[in-house]
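Notes for the one structure printed next.
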Amino acid sequence: MSNKTISTNVPLYDRDLSWLSFNYRVLCMAKSEEVPLYERIKFLSIFSSNLDEFFRVRMPAVLAVNKLLHRNPDAAGEDILSQDTLPAIQQEINRQLGEFGRTLTGQLLPALRSYNIHLYYNEPLHTLHLEHLREYFLTKVLSFLQPLWLRKKKPEEVFLENNQLYLVVSLTEDTAPDMQQYALVNIPSASLPRFIELPPLDNVYYIAMLDDVIRENVGFLFPGYTVTGCYSIKITRDAETDMNELASDILEQVETMIQKRELGIPTRFLYDATMPLALQKLLAVYFHILPEEMVEGGRYHNLKDLNDLPMPVKSPAFSYPKQSSIQVPALENVPRLLDEVAKRDILLHAPYQRYDYILRFFNEAAVDPAVQEIYITLYRIASSSQIANALISAARNGKQVTVFVELKARFDEANNIRWAKKMKAAGVKIIYSIPGLKVHAKIALVKRRRGYQWDYSGLMATGNFNESTARFYTDHVMMTAHPGITQELELLFLYLQAREQPVKYKFLTFQHLLVAQFNLMDRFKELINREIENARAGKPAKIIIKLNNLQEKEMIASLYTASQEGVKIDLIARSICCLVPEQPESSNIRVRRIVDRYLEHARVFIFHNNGNEEVYMGSADWMNRNLHRRIEVCFPVYDPQLQAQLKEIIRLQLADNTNAVKLDAEIRNIEIVPEEGAPRVNAQQAIYQYIQSL
């Protein structure tokens with residue numbers, strides 16, 4: 001792997017190669033014998049799902065730029081990929097897929113067999129199971145199959161659905177055995193289980209894949225023909241639909257674009273490696289697939305479905321020990337949560353603590369007679385959202401409810417639209433997306449009328465208001481009645497309702513909140529520069545930043561400058577990291593990555609400030625899209641006790657030497673080896689124990 005340099009002569013690592021480094025770390029969790037068996041299988045599933053999304057979202061840009069550079073090599077600039085990028089990406093993906101296959105077949109399938117669980121995988125089925133599977137095929141599967149002769153259809157009449165599974169069947173007619181013909185058969189894994197449990201044999205539990213059920217019985221679909229080959233294929237299509245120029249009728253346009261997304265151009269044609277070369281070429285011509293889009297694979301695709309692998313044998317060794325969400329004693333017996341928020345700031349840590357307190361915040365607001373107005377931004381709504389239902393109840397109870405729904409939340413647009421229509425029908429005021437901007441902020445505001453006065457309660461988070469993802473995403477949520485913060489939240493909601501571009505909206509100044517498009521980048525640069533000035537003055541200077549992705553070159557340049565001036569910087573970057581450690585410019589910067597049981601999702605920023613530390617949390621990664629094309633909100637944590645909680649959590653994460661790795665100059669995941677005699681630290685386990693003690 002290689003890095004490139006931005007215009008200020010600062011090293012900047014390629015974002016796609018950096019992301020692949022993160023996904024390889026996910027794969028390493030599947031390889032680790034310290035991870036419970038079924039959790040390892042789930043990490044394989046996550047790796048596969050992530051790679052599918054990479055081909056849908058990032059690969060289209062890589063392919064397009066590669067084509068441009070072949071036409072005009074001089075087009076390469078500081079923000080564009082080089083001609084070496086596509087080969088480097090393809091080489092790294094192939095390397096990782098090789099390890100994926102060896103991990104599955106060489107480690108995990110044998111481990112399952114040691115527990116008397118046998119997943120048929122690229123092997124003949126036991127004769128005693130064939131009759132059972134034929135019955136299953138005839139009664140459960142057959143009605144979902146739509147065989148299609150390629151010779152009878154023009155290419156434009158055949159459409160392979162995105163990321164769906166197919167078999168290409170080669171056949172010869174019994175009356176003309178020298179003439180090879182081809183047919184396409186769908187594998188209906190969206191309608192039927194991918195895995196079928198079979199009757200045990202000799203106390204061994206067998207599981208077959210739907211693919212093999214169809215393979216074994218595919219001849220039934222073609223009477224008078226002999227099956228001579230059966231090869232799996234899958235096509236992945238471009239999902240990066242441009243939604244930045246949507247106008248006022250955005251709801252209808254987004255619904256149309258969701259449909260178009262599934263019709264996107266191919267970015268990957270995955271085929272069984274045993275497929276004859278002649279058939280590969282035939283399919284490439286038939287489906288208009290370019291050579292760089294042809295990807296050799298195995299017998300089975302969509303192995304993200306491994307997440308649904310049955311567990312016919314129960315064992316505590318299969319899964320992580322159960323961790324019940326921790327209660328907050330101080331909140332359990334309070335009569336009204338909103339009254340408690342009026343007294344003090346409250347900080348919650350998901351998934352370690354119960355998310356019920358967030359639900360209670362909205363549930364109370366929905367029925368409290370004193371509550372007059374509720375405002376909230378929703379980016380990814382849970383499919384059966386209790387929060388959305390509370391907002392509906394609030395509107396029906398006569399309260400003014402204003403919800404900003406981001407319709408451009410990739411892959412969640414349809415669900416967001418469904419909820420937006422349902423809330424609107426109940427009387428909720430729905431504000432749709434701002435053209436050219438995504439609203440990624442996680443904020444809410446409740447206004448209660450007390451006589452002639454108003455009480456404000458604000459809720460701000462590092463992650464979505466989504467009780468489903470809160471079970472396995474680590475995030476922080478703060479409730480506050482701080483007058484400065486809540487007044488600025490109200491101003492921000494007024495702006496969102498105006499649906500104007502930030503440059504045209506001249507009425508917003510923020511003293512407490514950091515809001516992308518208004519003051520966020522400038523304020524973060526000021527905080528970094530203050531550490532630089534302290535370092536120059538010989539004072540202690542330190543910055544700790546935890547986020548998901550770090551790409552934006554101005555912010556990276558600011559961190560490099562701080563490092564060169566002697567500021568000590570600790571970064572915890574879960575996924576993309578374009579800052580290159582172990583360079584002269586980054587000699588004072590350490591970069592960590594944590595992949596573990598829960599998905600690290602919080603964004604936390606700590607500035608030493610000569611001992612008077614300033615702590616911020618928020619929704620914003622330091623990516624081009626977050627800082628230049630979104631409305632993001634970061635917010636201060638003023639309460640010293642809450643600051644102490646966050647600092648201890650971050651300290652434990654920086655001390656992790658179990659599932660944390662450090663990144664080197666090539667953005668490789670380097671194991672952290674504890675010093676002799678030092679204890680093993682698993683941050684997520686230690687954080688759970690710490691929060692239990694609060």
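Identifiers in this document derive from the order of the structure tokens: chains are assigned A, B, ..., residues are numbered from 1 separately in each chain, and ligands are numbered from 1 in order of occurrence.
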
Contacts of A:Arg237 at 6 Å (only C-alpha atoms; same-chain gap of 2+ positions) as JSON, numbers by chain: {"A": [56, 162, 264, 265, 266, 267]}

Stretch 182-192 of chain A environment, 6 Å, only C-alpha atoms, sequence neighbours closer than 5 positions dropped, as JSON, numbers by chain: {"A": [147, 148, 149, 150, 165, 166, 167, 168, 169, 170]}

Residues from the last selection, N, CA, C and O atoms, saved as an mmCIF file, in the first residue's frame:
data_model
loop_
_atom_site.group_PDB
_atom_site.id
_atom_site.type_symbol
_atom_site.label_atom_id
_atom_site.label_comp_id
_atom_site.auth_asym_id
_atom_site.auth_seq_id
_atom_site.Cartn_x
_atom_site.Cartn_y
_atom_site.Cartn_z
ATOM 1 N N PRO A 147 -36.825 -20.062 -13.834
ATOM 2 C CA PRO A 147 -35.750 -20.398 -14.790
ATOM 3 C C PRO A 147 -35.919 -19.627 -16.085
ATOM 4 O O PRO A 147 -37.051 -19.374 -16.540
ATOM 5 N N LEU A 148 -34.797 -19.252 -16.663
ATOM 6 C CA LEU A 148 -34.831 -18.394 -17.846
ATOM 7 C C LEU A 148 -33.752 -18.856 -18.822
ATOM 8 O O LEU A 148 -32.571 -18.928 -18.461
ATOM 9 N N TRP A 149 -34.154 -19.195 -20.046
ATOM 10 C CA TRP A 149 -33.205 -19.593 -21.090
ATOM 11 C C TRP A 149 -32.544 -18.343 -21.670
ATOM 12 O O TRP A 149 -33.222 -17.435 -22.157
ATOM 13 N N LEU A 150 -31.212 -18.290 -21.626
ATOM 14 C CA LEU A 150 -30.524 -17.109 -22.150
ATOM 15 C C LEU A 150 -30.675 -17.000 -23.663
ATOM 16 O O LEU A 150 -30.732 -15.897 -24.206
ATOM 17 N N LEU A 165 -28.740 -13.704 -5.654
ATOM 18 C CA LEU A 165 -27.983 -14.889 -6.045
ATOM 19 C C LEU A 165 -28.634 -15.595 -7.229
ATOM 20 O O LEU A 165 -29.860 -15.706 -7.295
ATOM 21 N N TYR A 166 -27.786 -16.083 -8.124
ATOM 22 C CA TYR A 166 -28.262 -16.810 -9.304
ATOM 23 C C TYR A 166 -27.333 -17.985 -9.569
ATOM 24 O O TYR A 166 -26.154 -17.979 -9.205
ATOM 25 N N LEU A 167 -27.884 -18.975 -10.257
ATOM 26 C CA LEU A 167 -27.097 -20.070 -10.812
ATOM 27 C C LEU A 167 -27.172 -19.987 -12.330
ATOM 28 O O LEU A 167 -28.260 -19.807 -12.898
ATOM 29 N N VAL A 168 -26.020 -20.084 -12.970
ATOM 30 C CA VAL A 168 -25.986 -20.248 -14.420
ATOM 31 C C VAL A 168 -25.831 -21.741 -14.681
ATOM 32 O O VAL A 168 -24.853 -22.360 -14.229
ATOM 33 N N VAL A 169 -26.787 -22.310 -15.370
ATOM 34 C CA VAL A 169 -26.830 -23.753 -15.584
ATOM 35 C C VAL A 169 -26.487 -24.042 -17.039
ATOM 36 O O VAL A 169 -27.094 -23.467 -17.954
ATOM 37 N N SER A 170 -25.496 -24.886 -17.256
ATOM 38 C CA SER A 170 -25.179 -25.318 -18.621
ATOM 39 C C SER A 170 -25.856 -26.668 -18.855
ATOM 40 O O SER A 170 -25.825 -27.553 -17.985
#

Two-atom distance - atom CA of A:Lys322, atom CA of A:Gln645 (Å):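 Here the two named atoms are 23.5 Å from each other.
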
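Near A:Ala30, within 10 Å and counting only C-alpha atoms, sit Tyr24, Arg25, Val26, Glu34, Val35, Pro36, Leu37, Tyr38, Glu39, Arg40, Ile41, Lys42, Phe43, Leu44, Ser45, Ile46, Phe47, Phe100, Thr103, Leu104, Gln107 and Leu108 of chain A, not including residues fewer than 4 positions from it in the same chain.
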
From A:Ala420, A:Val595, A:Ala602, A:Ala317, residue lying nearest A:Tyr473 [only C-alpha atoms]: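 Once distances to A:Tyr473 are computed over only C-alpha atoms, the minimum belongs to A:Ala602.
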
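Atom CA of A:Pro223 to atom CA of A:Glu173 spans 9.1 Å [interatomic distance, one decimal].
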
Shortest interatomic distance to A:Glu613 - which of A:Met179, A:Ile544, A:Val567, A:Ala88, counting only C-alpha atoms: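 Checking each candidate against A:Glu613, we get A:Ile544 as the closest.
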
Coordinates-based distance that separates atom CA of A:Asn122 from atom CA of A:Met209 (Å, one decimal):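 The value is 10.0 Å.
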
Stretch 7-115 of chain A: residues DSSP assigns to alpha helix (DSSP H), reported as number ranges by chain: A: 15-31, 37-57, 59-71, 85-103, 109-114
